[in-house]
file work_29.txt (compact mmCIF, C-alpha atoms)
# COMPACT_ATOMS: atom_id res chain seq x y z
CA MET P 1 0.00 0.00 0.00
CA LYS P 2 1.36 3.43 -1.02
CA VAL P 3 0.78 6.17 1.55
CA LEU P 4 0.94 9.96 1.40
CA SER P 5 1.06 11.77 4.74
CA ILE P 6 0.80 15.57 5.04
CA ASP P 7 1.63 17.44 8.25
CA GLY P 8 -0.32 20.24 9.85
CA GLY P 9 1.04 23.76 9.98
CA GLY P 10 -1.50 26.40 8.97
CA ILE P 11 -0.29 28.74 6.24
CA ARG P 12 2.91 26.68 6.06
CA GLY P 13 0.83 24.16 4.08
CA LEU P 14 2.09 26.13 1.10
CA ILE P 15 5.29 24.05 1.35
CA PRO P 16 3.72 20.58 0.83
CA ALA P 17 1.33 22.08 -1.75
CA LEU P 18 4.34 23.15 -3.83
CA VAL P 19 5.97 19.73 -3.37
CA LEU P 20 2.78 18.02 -4.56
CA GLU P 21 2.59 20.37 -7.53
CA GLU P 22 6.08 19.22 -8.50
CA LEU P 23 5.17 15.56 -7.88
CA GLU P 24 2.24 15.81 -10.27
CA ALA P 25 4.40 17.59 -12.86
CA ARG P 26 7.08 14.89 -12.74
CA THR P 27 4.73 11.90 -12.82
CA GLY P 28 2.05 13.30 -15.10
CA ARG P 29 -0.49 11.85 -12.65
CA ARG P 30 -2.82 13.31 -10.06
CA VAL P 31 -2.03 12.67 -6.40
CA ALA P 32 -5.12 10.50 -5.88
CA GLU P 33 -3.95 8.23 -8.71
CA LEU P 34 -0.55 7.65 -7.13
CA PHE P 35 -1.49 6.65 -3.58
CA ASP P 36 -3.73 4.05 -1.94
CA LEU P 37 -4.13 6.11 1.23
CA VAL P 38 -3.78 9.87 1.80
CA ALA P 39 -3.58 11.07 5.41
CA GLY P 40 -3.63 14.65 6.60
CA THR P 41 -3.79 16.77 9.72
CA SER P 42 -4.97 20.39 9.88
CA THR P 43 -3.71 22.15 6.72
CA GLY P 44 -2.59 18.71 5.54
CA GLY P 45 -6.13 17.47 6.07
CA ILE P 46 -7.46 20.27 3.91
CA LEU P 47 -5.01 19.26 1.17
CA ALA P 48 -5.95 15.59 1.55
CA CYS P 49 -9.64 16.41 1.08
CA ALA P 50 -9.05 18.77 -1.84
CA LEU P 51 -6.69 16.43 -3.70
CA THR P 52 -8.99 13.41 -3.54
CA ARG P 53 -12.48 14.83 -3.99
CA PRO P 54 -14.30 13.91 -7.21
CA GLY P 55 -13.18 16.24 -9.98
CA ALA P 56 -10.27 17.38 -7.83
CA ALA P 57 -8.23 20.32 -9.02
CA PRO P 58 -4.52 19.81 -9.67
CA ALA P 59 -2.13 20.57 -6.83
CA SER P 60 -1.12 23.77 -8.64
CA GLU P 61 -4.56 25.24 -7.94
CA LEU P 62 -4.18 24.44 -4.25
CA VAL P 63 -0.95 26.41 -4.20
CA GLU P 64 -3.13 29.36 -5.19
CA LEU P 65 -5.43 28.60 -2.24
CA TYR P 66 -2.59 29.52 0.11
CA ARG P 67 -1.49 32.55 -1.90
CA THR P 68 -4.93 34.08 -2.32
CA GLU P 69 -7.08 32.69 0.51
CA GLY P 70 -4.42 32.61 3.22
CA PRO P 71 -4.29 36.39 3.71
CA LYS P 72 -8.11 36.49 3.94
CA ILE P 73 -8.34 33.57 6.37
CA PHE P 74 -5.73 34.98 8.73
CA ARG P 75 -6.70 38.64 8.48
CA ARG P 76 -7.93 40.06 11.79
CA SER P 77 -10.21 43.06 11.99
CA LEU P 78 -9.61 45.62 14.71
CA ALA P 79 -12.99 44.75 16.24
CA HIS P 80 -12.08 41.06 16.48
CA ARG P 81 -8.65 41.83 17.89
CA VAL P 82 -10.20 43.91 20.65
CA ARG P 83 -13.03 41.44 21.34
CA SER P 84 -10.64 38.49 21.51
CA GLY P 85 -8.03 40.29 23.57
CA GLU P 86 -5.49 39.50 20.82
CA GLY P 87 -6.51 35.84 21.02
CA LEU P 88 -6.32 35.48 24.81
CA LEU P 89 -10.06 35.77 25.55
CA GLU P 90 -11.40 33.81 22.57
CA GLU P 91 -10.15 32.37 19.29
CA LYS P 92 -7.56 34.49 17.50
CA HIS P 93 -9.28 34.38 14.10
CA ASP P 94 -12.85 34.66 12.88
CA ASP P 95 -13.74 31.52 10.91
CA ALA P 96 -15.93 33.14 8.23
CA ALA P 97 -13.18 33.42 5.60
CA LEU P 98 -12.01 29.85 6.28
CA ASP P 99 -15.55 28.49 5.98
CA ASP P 100 -16.05 30.40 2.73
CA ALA P 101 -12.80 29.08 1.21
CA LEU P 102 -13.54 25.49 2.20
CA THR P 103 -17.04 25.69 0.73
CA ARG P 104 -15.72 27.01 -2.58
CA TYR P 105 -12.80 24.59 -2.85
CA LEU P 106 -14.51 21.46 -1.49
CA GLY P 107 -18.13 22.00 -2.54
CA SER P 108 -20.90 19.75 -1.31
CA GLY P 109 -19.05 16.45 -1.65
CA ARG P 110 -18.57 13.92 1.11
CA LEU P 111 -15.44 12.18 2.32
CA SER P 112 -16.90 8.82 1.23
CA GLY P 113 -16.77 10.06 -2.36
CA ALA P 114 -12.99 10.45 -2.33
CA SER P 115 -11.18 8.88 -5.26
CA THR P 116 -8.77 7.05 -2.96
CA ARG P 117 -8.80 6.23 0.75
CA VAL P 118 -8.48 9.30 2.95
CA LEU P 119 -7.69 9.55 6.67
CA VAL P 120 -8.10 12.92 8.44
CA THR P 121 -7.33 13.49 12.11
CA ALA P 122 -9.27 15.46 14.73
CA TYR P 123 -9.64 15.46 18.51
CA ASP P 124 -13.01 15.05 20.24
CA LEU P 125 -13.31 17.38 23.24
CA GLN P 126 -16.48 15.64 24.49
CA ALA P 127 -15.01 12.14 24.46
CA ARG P 128 -11.51 13.40 25.26
CA ALA P 129 -10.11 11.13 22.58
CA PRO P 130 -8.63 11.21 19.08
CA TYR P 131 -11.18 11.04 16.28
CA PHE P 132 -10.40 9.81 12.77
CA PHE P 133 -12.47 10.63 9.70
CA LYS P 134 -12.17 7.66 7.31
CA SER P 135 -13.47 7.69 3.75
CA TRP P 136 -14.04 3.92 3.75
CA ARG P 137 -16.19 3.84 6.90
CA ALA P 138 -19.77 5.09 6.84
CA ASP P 139 -19.69 5.92 10.56
CA ARG P 140 -16.62 8.15 10.05
CA ASP P 141 -17.89 9.96 6.95
CA GLY P 142 -18.86 13.61 6.64
CA PRO P 143 -19.09 16.57 4.24
CA LEU P 144 -15.59 17.41 3.03
CA ARG P 145 -15.88 21.05 4.08
CA ILE P 146 -16.81 20.00 7.64
CA VAL P 147 -14.05 17.38 7.82
CA ALA P 148 -11.54 19.97 6.67
CA ARG P 149 -12.90 22.61 9.03
CA ALA P 150 -12.69 20.25 12.01
CA THR P 151 -9.11 19.20 11.40
CA ALA P 152 -8.10 22.85 10.95
CA ALA P 153 -9.60 24.04 14.26
CA ALA P 154 -6.28 24.69 15.97
CA PRO P 155 -6.82 25.61 19.65
CA THR P 156 -6.71 29.39 20.28
CA TYR P 157 -6.69 30.05 16.51
CA PHE P 158 -10.19 28.86 15.45
CA GLU P 159 -13.37 27.72 17.20
CA PRO P 160 -14.04 23.99 17.68
CA VAL P 161 -16.54 22.44 15.27
CA GLU P 162 -19.71 20.68 16.34
CA VAL P 163 -20.33 17.44 14.45
CA GLY P 164 -23.38 15.75 15.93
CA GLU P 165 -22.62 15.32 19.62
CA ARG P 166 -18.90 15.80 19.05
CA SER P 167 -16.87 18.97 19.50
CA LEU P 168 -13.81 18.60 17.29
CA ILE P 169 -10.49 20.42 17.16
CA ASP P 170 -7.26 20.13 15.19
CA GLY P 171 -5.78 16.63 15.19
CA GLY P 172 -2.38 18.27 15.52
CA VAL P 173 -2.73 18.09 19.31
CA PHE P 174 -1.80 14.42 18.99
CA ALA P 175 -0.77 13.86 15.35
CA THR P 176 0.72 16.90 13.65
CA ASN P 177 2.53 14.36 11.50
CA PRO P 178 -0.13 11.71 10.74
CA ALA P 179 2.29 9.23 9.15
CA MET P 180 2.15 6.75 12.05
CA CYS P 181 -1.65 6.89 12.07
CA ALA P 182 -1.56 6.12 8.34
CA TYR P 183 0.96 3.33 8.93
CA ALA P 184 -1.37 1.68 11.46
CA GLU P 185 -4.37 2.01 9.13
CA ALA P 186 -2.40 0.48 6.26
CA VAL P 187 -1.63 -2.55 8.43
CA VAL P 188 -5.32 -2.94 9.28
CA LEU P 189 -6.50 -2.43 5.71
CA SER P 190 -3.96 -4.59 3.90
CA GLY P 191 -2.64 -6.90 6.60
CA ALA P 192 0.90 -5.62 6.10
CA PRO P 193 2.93 -2.43 6.62
CA PRO P 194 2.80 0.09 3.75
CA THR P 195 5.23 -0.59 0.93
CA PHE P 196 6.03 3.10 0.56
CA VAL P 197 5.37 6.31 2.52
CA LEU P 198 5.88 9.84 1.28
CA SER P 199 5.72 12.11 4.32
CA LEU P 200 5.55 15.86 3.75
CA GLY P 201 6.42 18.40 6.43
CA THR P 202 5.40 22.03 6.64
CA GLY P 203 8.73 23.31 7.92
CA ARG P 204 10.59 22.65 11.14
CA GLN P 205 10.63 25.41 13.74
CA THR P 206 14.04 26.87 14.52
CA ARG P 207 13.28 29.78 16.84
CA PRO P 208 14.79 28.95 20.25
CA ILE P 209 12.89 29.61 23.45
CA ALA P 210 15.40 31.11 25.87
CA HIS P 211 15.52 29.51 29.31
CA ALA P 212 15.45 32.93 30.95
CA ASP P 213 12.16 33.70 29.18
CA ALA P 214 10.45 30.34 29.76
CA ALA P 215 11.53 30.24 33.40
CA SER P 216 9.45 33.33 34.15
CA TRP P 217 6.40 32.48 32.01
CA GLY P 218 3.03 31.74 33.53
CA LEU P 219 -0.20 30.46 32.01
CA VAL P 220 -0.81 33.44 29.72
CA GLN P 221 2.71 33.51 28.28
CA TRP P 222 2.80 29.74 27.71
CA VAL P 223 -0.58 29.43 25.94
CA ARG P 224 0.57 29.80 22.35
CA PRO P 225 4.23 28.67 22.65
CA VAL P 226 3.18 25.38 24.24
CA ILE P 227 0.91 24.65 21.25
CA ASP P 228 3.83 25.22 18.89
CA VAL P 229 6.11 23.04 21.03
CA VAL P 230 3.59 20.19 21.08
CA PHE P 231 2.94 20.38 17.32
CA ASP P 232 6.65 20.47 16.46
CA GLY P 233 7.67 17.80 18.97
CA VAL P 234 4.98 15.36 17.82
CA SER P 235 6.00 15.78 14.17
CA ASP P 236 9.67 15.06 14.88
CA THR P 237 8.80 12.06 17.09
CA VAL P 238 6.71 10.43 14.37
CA GLU P 239 9.49 10.99 11.85
CA TYR P 240 11.88 9.19 14.23
CA GLN P 241 9.46 6.28 14.76
CA LEU P 242 8.74 5.78 11.08
CA GLN P 243 12.40 5.75 10.10
CA HIS P 244 12.97 2.96 12.62
CA LEU P 245 9.98 0.92 11.46
CA MET P 246 10.51 1.06 7.69
CA PRO P 247 13.49 0.36 5.43
CA GLY P 248 15.30 3.50 4.31
CA ASP P 249 14.16 3.24 0.69
CA ALA P 250 10.51 2.68 1.67
CA VAL P 251 9.99 6.07 3.31
CA VAL P 252 10.76 9.54 1.98
CA ARG P 253 10.42 12.46 4.38
CA LEU P 254 10.57 15.89 2.75
CA GLN P 255 11.03 18.56 5.39
CA THR P 256 12.90 21.86 5.66
CA GLU P 257 14.07 24.09 8.47
CA LEU P 258 12.39 27.47 8.58
CA ASP P 259 15.52 29.53 9.02
CA ARG P 260 14.09 32.54 7.15
CA ALA P 261 10.33 32.14 6.82
CA SER P 262 8.24 32.54 9.96
CA ASP P 263 7.11 29.33 11.63
CA ALA P 264 3.89 30.98 12.83
CA LEU P 265 0.78 29.08 11.73
CA ASP P 266 -0.98 32.29 10.75
CA ASP P 267 1.67 34.58 9.23
CA ALA P 268 0.10 35.03 5.80
CA SER P 269 1.86 38.29 5.04
CA ALA P 270 3.08 38.77 1.48
CA ARG P 271 6.67 38.70 2.73
CA ASN P 272 6.25 35.42 4.60
CA LEU P 273 4.37 33.73 1.76
CA ALA P 274 7.27 34.63 -0.52
CA LEU P 275 9.77 33.24 2.00
CA LEU P 276 7.80 30.02 2.46
CA GLU P 277 7.74 29.53 -1.30
CA GLU P 278 11.44 30.32 -1.53
CA GLN P 279 12.27 27.72 1.10
CA ALA P 280 9.97 25.17 -0.60
CA ARG P 281 11.78 25.72 -3.91
CA GLU P 282 15.11 25.23 -2.16
CA LEU P 283 13.78 22.00 -0.62
CA LEU P 284 12.85 20.72 -4.08
CA VAL P 285 16.35 21.43 -5.38
CA ARG P 286 18.01 19.90 -2.32
CA GLU P 287 15.81 16.80 -2.38
CA ASP P 288 15.69 16.44 -6.17
CA ALA P 289 17.10 12.91 -6.12
CA ALA P 290 14.78 11.80 -3.32
CA LEU P 291 11.74 13.15 -5.15
CA ASP P 292 12.83 11.47 -8.38
CA ALA P 293 13.24 8.19 -6.51
CA ALA P 294 9.77 8.59 -5.00
CA CYS P 295 8.26 9.23 -8.43
CA ALA P 296 9.97 6.13 -9.82
CA VAL P 297 8.61 3.95 -7.01
CA LEU P 298 5.09 5.36 -7.35
CA LEU P 299 4.99 4.88 -11.12
CA ALA P 300 6.60 1.43 -10.99
CA GLN P 301 4.15 0.15 -8.42
CA ASP P 302 1.29 1.74 -10.30
CA SER P 303 2.09 -0.02 -13.55

call {"tool": "encode", "arguments": {"input": "work_29.txt", "output": "structure tokens"}}
result
Amino acid sequence: MKVLSIDGGGIRGLIPALVLEELEARTGRRVAELFDLVAGTSTGGILACALTRPGAAPASELVELYRTEGPKIFRRSLAHRVRSGEGLLEEKHDDAALDDALTRYLGSGRLSGASTRVLVTAYDLQARAPYFFKSWRADRDGPLRIVARATAAAPTYFEPVEVGERSLIDGGVFATNPAMCAYAEAVVLSGAPPTFVLSLGTGRQTRPIAHADAASWGLVQWVRPVIDVVFDGVSDTVEYQLQHLMPGDAVVRLQTELDRASDALDDASARNLALLEEQARELLVREDAALDAACAVLLAQDS
């Protein structure tokens, strides 16, 4: 079973979107045609839904989603900034622009209509447990726009989403990198570990947190940094686990350090979008051989 896994990371989803654009260009195939299972968390979940829905647009159009919709989604009016206390009293961003973008890009389709198997992570606040949307299970189905909205509900950034009796938030709280979740599902579905995994990161954080700062922080100061620490730490841990479970040539992890672009989930400024794209282009050059090898494996197994 061939698996694609896409990390969470807000606006940094531009990085895997550009990688997938290049993957489609090199193979001449759509993403959904190359993989047996596509897994995504948060922004990666949005990409997973958009790339596998019936009549899906090419990855190149999803690159435009980040360029054009990102600034709208993460724009904050003065009224909302005051009402939310800069994100300390309620969610940092109004969800209207996000809902509008998801409706336009995902339409009225359902997850069960995906053109390949799709796994999207969320966390259920009512049950206090991980929740997995699965395209192949009727009891884990849902409208694509709602699935995508739930997985993108990062705590403090967007409101939770009610789905029936469930209150769902971003699956990044336990699976920023959903590759191990996808690995486990592949074993259940096929009776064996996946034969190949392409795991796409959204950029590794590099900003240090000085001991002198953290030592004096209380609840208010830790609220947002601790979310970033959890998201980043989980992603790196899964990468470590997967590399120990699978042979070196069976897993390709494409990740870059954000040494120039901001690692903030919601920095959709023109400058940062340009830097994210610049670092994604550099990743493609640096990992040219790895991406070529991945394309060869995907096409060989597909034939």

call {"tool": "residues_around", "arguments": {"input": "work_29.txt", "residues": "P:Gln126", "least_positions_apart": "3", "cutoff": "12 Å", "atoms": "all atoms listed in the file", "output": "list of chain:residue names"}}
result
P:Tyr123, P:Ala129, P:Pro130, P:Tyr131, P:Pro160, P:Val161, P:Glu162, P:Val163, P:Gly164, P:Glu165, P:Arg166, P:Ser167, P:Leu168, P:Ile169

call {"tool": "atom_distance", "arguments": {"input": "work_29.txt", "atom1": "atom CA of P:Asp139", "atom2": "atom CA of P:Arg110"}}
result
12.4 Å

call {"tool": "closest_residue", "arguments": {"input": "work_29.txt", "among": "P:Gly8, P:Pro54, P:Gly40, P:Gly107", "to": "P:Lys134", "atoms": "only C-alpha atoms"}}
result
P:Gly40

call {"tool": "closest_residue", "arguments": {"input": "work_29.txt", "among": "P:Gln279, P:Ser115, P:Thr176, P:Asn272", "to": "P:Leu51", "atoms": "all atoms listed in the file"}}
result
P:Ser115

call {"tool": "atom_distance", "arguments": {"input": "work_29.txt", "atom1": "atom CA of P:Phe196", "atom2": "atom CA of P:Leu23"}}
result
15.1 Å

call {"tool": "closest_residue", "arguments": {"input": "work_29.txt", "among": "P:Pro178, P:Pro71, P:Pro247, P:Gly55", "to": "P:Thr195", "atoms": "all atoms listed in the file"}}
result
P:Pro247

call {"tool": "atom_distance", "arguments": {"input": "work_29.txt", "atom1": "atom CA of P:Asp263", "atom2": "atom CA of P:Asp232"}}
result
10.1 Å

call {"tool": "residues_around", "arguments": {"input": "work_29.txt", "residues": "P:Leu14", "least_positions_apart": "3", "cutoff": "12 Å", "atoms": "all atoms listed in the file", "output": "PDB file with C-alpha atoms, in the coordinates of the input"}}
result
ATOM      1  CA  ILE P   6       0.800  15.570   5.040  1.00  0.00           C
ATOM      2  CA  ASP P   7       1.630  17.440   8.250  1.00  0.00           C
ATOM      3  CA  GLY P   8      -0.320  20.240   9.850  1.00  0.00           C
ATOM      4  CA  GLY P   9       1.040  23.760   9.980  1.00  0.00           C
ATOM      5  CA  GLY P  10      -1.500  26.400   8.970  1.00  0.00           C
ATOM      6  CA  ILE P  11      -0.290  28.740   6.240  1.00  0.00           C
ATOM      7  CA  ALA P  17       1.330  22.080  -1.750  1.00  0.00           C
ATOM      8  CA  LEU P  18       4.340  23.150  -3.830  1.00  0.00           C
ATOM      9  CA  VAL P  19       5.970  19.730  -3.370  1.00  0.00           C
ATOM     10  CA  LEU P  20       2.780  18.020  -4.560  1.00  0.00           C
ATOM     11  CA  GLU P  21       2.590  20.370  -7.530  1.00  0.00           C
ATOM     12  CA  THR P  43      -3.710  22.150   6.720  1.00  0.00           C
ATOM     13  CA  GLY P  44      -2.590  18.710   5.540  1.00  0.00           C
ATOM     14  CA  ILE P  46      -7.460  20.270   3.910  1.00  0.00           C
ATOM     15  CA  LEU P  47      -5.010  19.260   1.170  1.00  0.00           C
ATOM     16  CA  ALA P  59      -2.130  20.570  -6.830  1.00  0.00           C
ATOM     17  CA  SER P  60      -1.120  23.770  -8.640  1.00  0.00           C
ATOM     18  CA  GLU P  61      -4.560  25.240  -7.940  1.00  0.00           C
ATOM     19  CA  LEU P  62      -4.180  24.440  -4.250  1.00  0.00           C
ATOM     20  CA  VAL P  63      -0.950  26.410  -4.200  1.00  0.00           C
ATOM     21  CA  GLU P  64      -3.130  29.360  -5.190  1.00  0.00           C
ATOM     22  CA  LEU P  65      -5.430  28.600  -2.240  1.00  0.00           C
ATOM     23  CA  TYR P  66      -2.590  29.520   0.110  1.00  0.00           C
ATOM     24  CA  ARG P  67      -1.490  32.550  -1.900  1.00  0.00           C
ATOM     25  CA  THR P  68      -4.930  34.080  -2.320  1.00  0.00           C
ATOM     26  CA  GLU P  69      -7.080  32.690   0.510  1.00  0.00           C
ATOM     27  CA  GLY P  70      -4.420  32.610   3.220  1.00  0.00           C
ATOM     28  CA  LEU P 200       5.550  15.860   3.750  1.00  0.00           C
ATOM     29  CA  GLY P 201       6.420  18.400   6.430  1.00  0.00           C
ATOM     30  CA  THR P 202       5.400  22.030   6.640  1.00  0.00           C
ATOM     31  CA  GLY P 203       8.730  23.310   7.920  1.00  0.00           C
ATOM     32  CA  ALA P 261      10.330  32.140   6.820  1.00  0.00           C
ATOM     33  CA  LEU P 265       0.780  29.080  11.730  1.00  0.00           C
ATOM     34  CA  ASP P 266      -0.980  32.290  10.750  1.00  0.00           C
ATOM     35  CA  ASP P 267       1.670  34.580   9.230  1.00  0.00           C
ATOM     36  CA  ALA P 268       0.100  35.030   5.800  1.00  0.00           C
ATOM     37  CA  ASN P 272       6.250  35.420   4.600  1.00  0.00           C
ATOM     38  CA  LEU P 273       4.370  33.730   1.760  1.00  0.00           C
ATOM     39  CA  ALA P 274       7.270  34.630  -0.520  1.00  0.00           C
ATOM     40  CA  LEU P 275       9.770  33.240   2.000  1.00  0.00           C
ATOM     41  CA  LEU P 276       7.800  30.020   2.460  1.00  0.00           C
ATOM     42  CA  GLU P 277       7.740  29.530  -1.300  1.00  0.00           C
ATOM     43  CA  GLU P 278      11.440  30.320  -1.530  1.00  0.00           C
ATOM     44  CA  GLN P 279      12.270  27.720   1.100  1.00  0.00           C
ATOM     45  CA  ALA P 280       9.970  25.170  -0.600  1.00  0.00           C
ATOM     46  CA  ARG P 281      11.780  25.720  -3.910  1.00  0.00           C
TER      47      ARG P 281
END

call {"tool": "closest_residue", "arguments": {"input": "work_29.txt", "among": "P:Ala179, P:Met246, P:Cys49, P:Ala114", "to": "P:Ala148", "atoms": "all atoms listed in the file"}}
result
P:Cys49

call {"tool": "closest_residue", "arguments": {"input": "work_29.txt", "among": "P:Glu22, P:Arg140, P:Asp249, P:Phe158", "to": "P:Ile73", "atoms": "only C-alpha atoms"}}
result
P:Phe158

call {"tool": "residues_around", "arguments": {"input": "work_29.txt", "residues": "P:Asp141", "least_positions_apart": "4", "cutoff": "7 Å", "atoms": "all atoms listed in the file", "output": "MDAnalysis selection string"}}
result
chainID P and resid 111:112 133:135 137
